Amino acid sequence: MLDKEKFHVLNYVKKEEYTGSMEGMRYMLKKKTAGEETKLEVIIWPEPFGYGKTPEEKKQRMEFPLSTEGLEQAVDWMNEQYEVQGALWRVMC
């Protein structure tokens, strides 16, 4: 599980995409701009492949405010998806 207290990547995400993995679940956080609105986009997908080699239908996306609170919501969502879809992530572990 990702720990909100130790997951301080917001300033990095404002400049670059941030990727990681958690026991079979890969994730990417990135800044997404649509018109004048800027959001934090989170994408999760199962291992073993990286983002570019994973089929689009296996990726799940969610958007949050690009803020500290939005990052906390994103971590909560990723942790929830890790728990709810546990069988999907454990296939490759």
# chains A, B, ... in the order shown; residues from 1 in each chain; ligands from 1
$ select_by_dssp --residues "chain A" --states "helix (DSSP H, G or I)" --output "VMD selection string"
chain A and resid 10 to 13 51 to 53 56 to 58 68 to 84 86 to 90
$ write_last_selection --atoms "N, CA and C atoms" --output "CSV table (one decimal), in the first residue's frame"
chain,number,residue,atom,x,y,z
A,10,LEU,N,4.2,15.5,-5.7
A,10,LEU,CA,3.4,16.5,-6.4
A,10,LEU,C,4.3,17.5,-7.2
A,11,ASN,N,5.4,18.0,-6.6
A,11,ASN,CA,6.2,19.0,-7.3
A,11,ASN,C,6.9,18.3,-8.5
A,12,TYR,N,7.3,17.0,-8.3
A,12,TYR,CA,7.8,16.3,-9.5
A,12,TYR,C,6.8,16.2,-10.6
A,13,VAL,N,5.6,15.8,-10.2
A,13,VAL,CA,4.6,15.5,-11.2
A,13,VAL,C,4.2,16.8,-12.0
A,51,TYR,N,4.1,1.1,-19.5
A,51,TYR,CA,3.0,1.9,-20.0
A,51,TYR,C,2.9,1.8,-21.6
A,52,GLY,N,4.0,1.9,-22.3
A,52,GLY,CA,4.0,1.9,-23.7
A,52,GLY,C,3.6,0.6,-24.4
A,53,LYS,N,3.9,-0.5,-23.7
A,53,LYS,CA,3.7,-1.8,-24.2
A,53,LYS,C,2.4,-2.5,-23.7
A,56,GLU,N,-4.2,-0.4,-24.3
A,56,GLU,CA,-5.0,0.7,-23.7
A,56,GLU,C,-6.2,0.1,-22.9
A,57,GLU,N,-6.8,-1.0,-23.3
A,57,GLU,CA,-7.9,-1.5,-22.6
A,57,GLU,C,-7.6,-2.1,-21.2
A,58,LYS,N,-6.3,-2.3,-21.0
A,58,LYS,CA,-5.9,-2.8,-19.6
A,58,LYS,C,-5.5,-1.6,-18.7
A,68,THR,N,-2.3,19.2,-3.2
A,68,THR,CA,-1.9,18.3,-2.2
A,68,THR,C,-3.1,17.4,-1.8
A,69,GLU,N,-4.3,18.0,-1.8
A,69,GLU,CA,-5.5,17.2,-1.5
A,69,GLU,C,-5.8,16.2,-2.6
A,70,GLY,N,-5.6,16.7,-3.8
A,70,GLY,CA,-5.8,15.8,-5.0
A,70,GLY,C,-4.8,14.6,-5.0
A,71,LEU,N,-3.6,14.9,-4.6
A,71,LEU,CA,-2.6,13.8,-4.5
A,71,LEU,C,-3.1,12.8,-3.4
A,72,GLU,N,-3.5,13.3,-2.3
A,72,GLU,CA,-4.0,12.4,-1.3
A,72,GLU,C,-5.2,11.5,-1.8
A,73,GLN,N,-6.1,12.1,-2.5
A,73,GLN,CA,-7.2,11.4,-3.1
A,73,GLN,C,-6.8,10.4,-4.1
A,74,ALA,N,-5.7,10.7,-4.9
A,74,ALA,CA,-5.2,9.8,-5.8
A,74,ALA,C,-4.6,8.6,-5.2
A,75,VAL,N,-3.8,8.8,-4.1
A,75,VAL,CA,-3.3,7.7,-3.3
A,75,VAL,C,-4.4,6.8,-2.7
A,76,ASP,N,-5.4,7.4,-2.2
A,76,ASP,CA,-6.5,6.6,-1.7
A,76,ASP,C,-7.1,5.8,-2.8
A,77,TRP,N,-7.3,6.4,-4.0
A,77,TRP,CA,-7.9,5.7,-5.1
A,77,TRP,C,-7.0,4.5,-5.5
A,78,MET,N,-5.7,4.7,-5.6
A,78,MET,CA,-4.8,3.7,-6.0
A,78,MET,C,-4.8,2.5,-5.0
A,79,ASN,N,-4.8,2.9,-3.7
A,79,ASN,CA,-4.8,1.8,-2.7
A,79,ASN,C,-6.2,1.1,-2.7
A,80,GLU,N,-7.3,1.8,-3.0
A,80,GLU,CA,-8.6,1.1,-3.1
A,80,GLU,C,-8.6,0.2,-4.3
A,81,GLN,N,-8.1,0.6,-5.4
A,81,GLN,CA,-8.1,-0.3,-6.6
A,81,GLN,C,-7.2,-1.5,-6.4
A,82,TYR,N,-6.1,-1.3,-5.7
A,82,TYR,CA,-5.2,-2.4,-5.4
A,82,TYR,C,-5.9,-3.5,-4.5
A,83,GLU,N,-6.7,-3.0,-3.6
A,83,GLU,CA,-7.5,-3.9,-2.7
A,83,GLU,C,-8.6,-4.6,-3.5
A,84,VAL,N,-9.4,-3.8,-4.1
A,84,VAL,CA,-10.7,-4.2,-4.8
A,84,VAL,C,-10.3,-5.2,-6.0
A,86,GLY,N,-7.6,-7.0,-6.4
A,86,GLY,CA,-6.4,-7.8,-6.0
A,86,GLY,C,-6.0,-8.9,-6.9
A,87,ALA,N,-6.9,-9.6,-7.4
A,87,ALA,CA,-6.6,-10.8,-8.3
A,87,ALA,C,-5.9,-10.3,-9.5
A,88,LEU,N,-6.2,-9.2,-10.0
A,88,LEU,CA,-5.6,-8.7,-11.3
A,88,LEU,C,-4.1,-8.4,-11.0
A,89,TRP,N,-3.8,-7.8,-9.9
A,89,TRP,CA,-2.4,-7.5,-9.6
A,89,TRP,C,-1.5,-8.7,-9.2
A,90,ARG,N,-2.1,-9.7,-8.6
A,90,ARG,CA,-1.4,-10.8,-8.1
A,90,ARG,C,-1.1,-11.9,-9.2
$ residues_around --residues "A:Val42" --least-positions-apart "3" --cutoff "8 Å" --atoms "only C-alpha atoms" --output "PyMOL selection string"
chain A and resi 27-30+61-64+74
$ write_last_selection --atoms "N, CA and C atoms" --output "mmCIF file, in the first residue's frame"
data_model
loop_
_atom_site.group_PDB
_atom_site.id
_atom_site.type_symbol
_atom_site.label_atom_id
_atom_site.label_comp_id
_atom_site.auth_asym_id
_atom_site.auth_seq_id
_atom_site.Cartn_x
_atom_site.Cartn_y
_atom_site.Cartn_z
ATOM 1 N N TYR A 27 1.769 2.121 -11.959
ATOM 2 C CA TYR A 27 1.022 3.373 -11.972
ATOM 3 C C TYR A 27 1.849 4.510 -12.549
ATOM 4 N N MET A 28 1.120 5.495 -13.054
ATOM 5 C CA MET A 28 1.730 6.718 -13.568
ATOM 6 C C MET A 28 0.885 7.897 -13.093
ATOM 7 N N LEU A 29 1.546 8.923 -12.619
ATOM 8 C CA LEU A 29 0.888 10.171 -12.264
ATOM 9 C C LEU A 29 1.456 11.240 -13.177
ATOM 10 N N LYS A 30 0.578 12.061 -13.750
ATOM 11 C CA LYS A 30 1.065 13.112 -14.630
ATOM 12 C C LYS A 30 0.103 14.290 -14.639
ATOM 13 N N ARG A 61 -7.943 4.865 -15.720
ATOM 14 C CA ARG A 61 -7.582 6.264 -15.515
ATOM 15 C C ARG A 61 -8.562 6.958 -14.580
ATOM 16 N N MET A 62 -8.015 7.923 -13.830
ATOM 17 C CA MET A 62 -8.839 8.754 -12.964
ATOM 18 C C MET A 62 -8.136 10.111 -12.847
ATOM 19 N N GLU A 63 -8.941 11.158 -12.733
ATOM 20 C CA GLU A 63 -8.389 12.512 -12.601
ATOM 21 C C GLU A 63 -8.744 13.087 -11.241
ATOM 22 N N PHE A 64 -7.813 13.905 -10.736
ATOM 23 C CA PHE A 64 -7.949 14.557 -9.441
ATOM 24 C C PHE A 64 -7.443 15.990 -9.569
ATOM 25 N N ALA A 74 -5.736 10.732 -4.871
ATOM 26 C CA ALA A 74 -5.168 9.797 -5.848
ATOM 27 C C ALA A 74 -4.565 8.575 -5.151
#
$ atom_distance --atom1 "atom CA of A:Lys59" --atom2 "atom CA of A:Trp45"
4.7 Å
$ atom_distance --atom1 "atom CA of A:Lys15" --atom2 "atom CA of A:Lys31"
7.7 Å
$ residues_around --residues "A:Glu47" --least-positions-apart "6" --cutoff "8 Å" --atoms "only C-alpha atoms" --output "list in words"
Gly24, Met25, Arg26, Trp89 and Met92 of chain A
$ write_last_selection --atoms "N, CA and C atoms" --output "mmCIF file, in the first residue's frame"
data_model
loop_
_atom_site.group_PDB
_atom_site.id
_atom_site.type_symbol
_atom_site.label_atom_id
_atom_site.label_comp_id
_atom_site.auth_asym_id
_atom_site.auth_seq_id
_atom_site.Cartn_x
_atom_site.Cartn_y
_atom_site.Cartn_z
ATOM 1 N N GLY A 24 2.660 -5.783 -8.370
ATOM 2 C CA GLY A 24 1.868 -6.212 -9.518
ATOM 3 C C GLY A 24 1.048 -5.118 -10.176
ATOM 4 N N MET A 25 0.880 -4.000 -9.499
ATOM 5 C CA MET A 25 0.128 -2.877 -10.064
ATOM 6 C C MET A 25 1.108 -1.757 -10.409
ATOM 7 N N ARG A 26 1.163 -1.413 -11.667
ATOM 8 C CA ARG A 26 1.991 -0.282 -12.094
ATOM 9 C C ARG A 26 1.129 0.963 -12.132
ATOM 10 N N TRP A 89 -3.762 -7.844 -9.890
ATOM 11 C CA TRP A 89 -2.362 -7.471 -9.619
ATOM 12 C C TRP A 89 -1.530 -8.698 -9.225
ATOM 13 N N MET A 92 0.701 -11.671 -11.771
ATOM 14 C CA MET A 92 2.103 -11.687 -12.187
ATOM 15 C C MET A 92 3.073 -11.761 -11.030
#
$ atom_distance --atom1 "atom CA of A:Ile44" --atom2 "atom CA of A:Gln60"
5.3 Å
$ closest_residue --among "A:Lys32, A:Thr19, A:Lys4, A:Val91" --to "A:Pro65" --atoms "only C-alpha atoms"
A:Lys32
$ select_by_dssp --residues "chain A" --states "strand (DSSP E or B)" --output "count of residues only"
31
$ closest_residue --among "A:Met22, A:Leu40, A:Glu16, A:Thr33" --to "A:Asp3" --atoms "only C-alpha atoms"
A:Met22
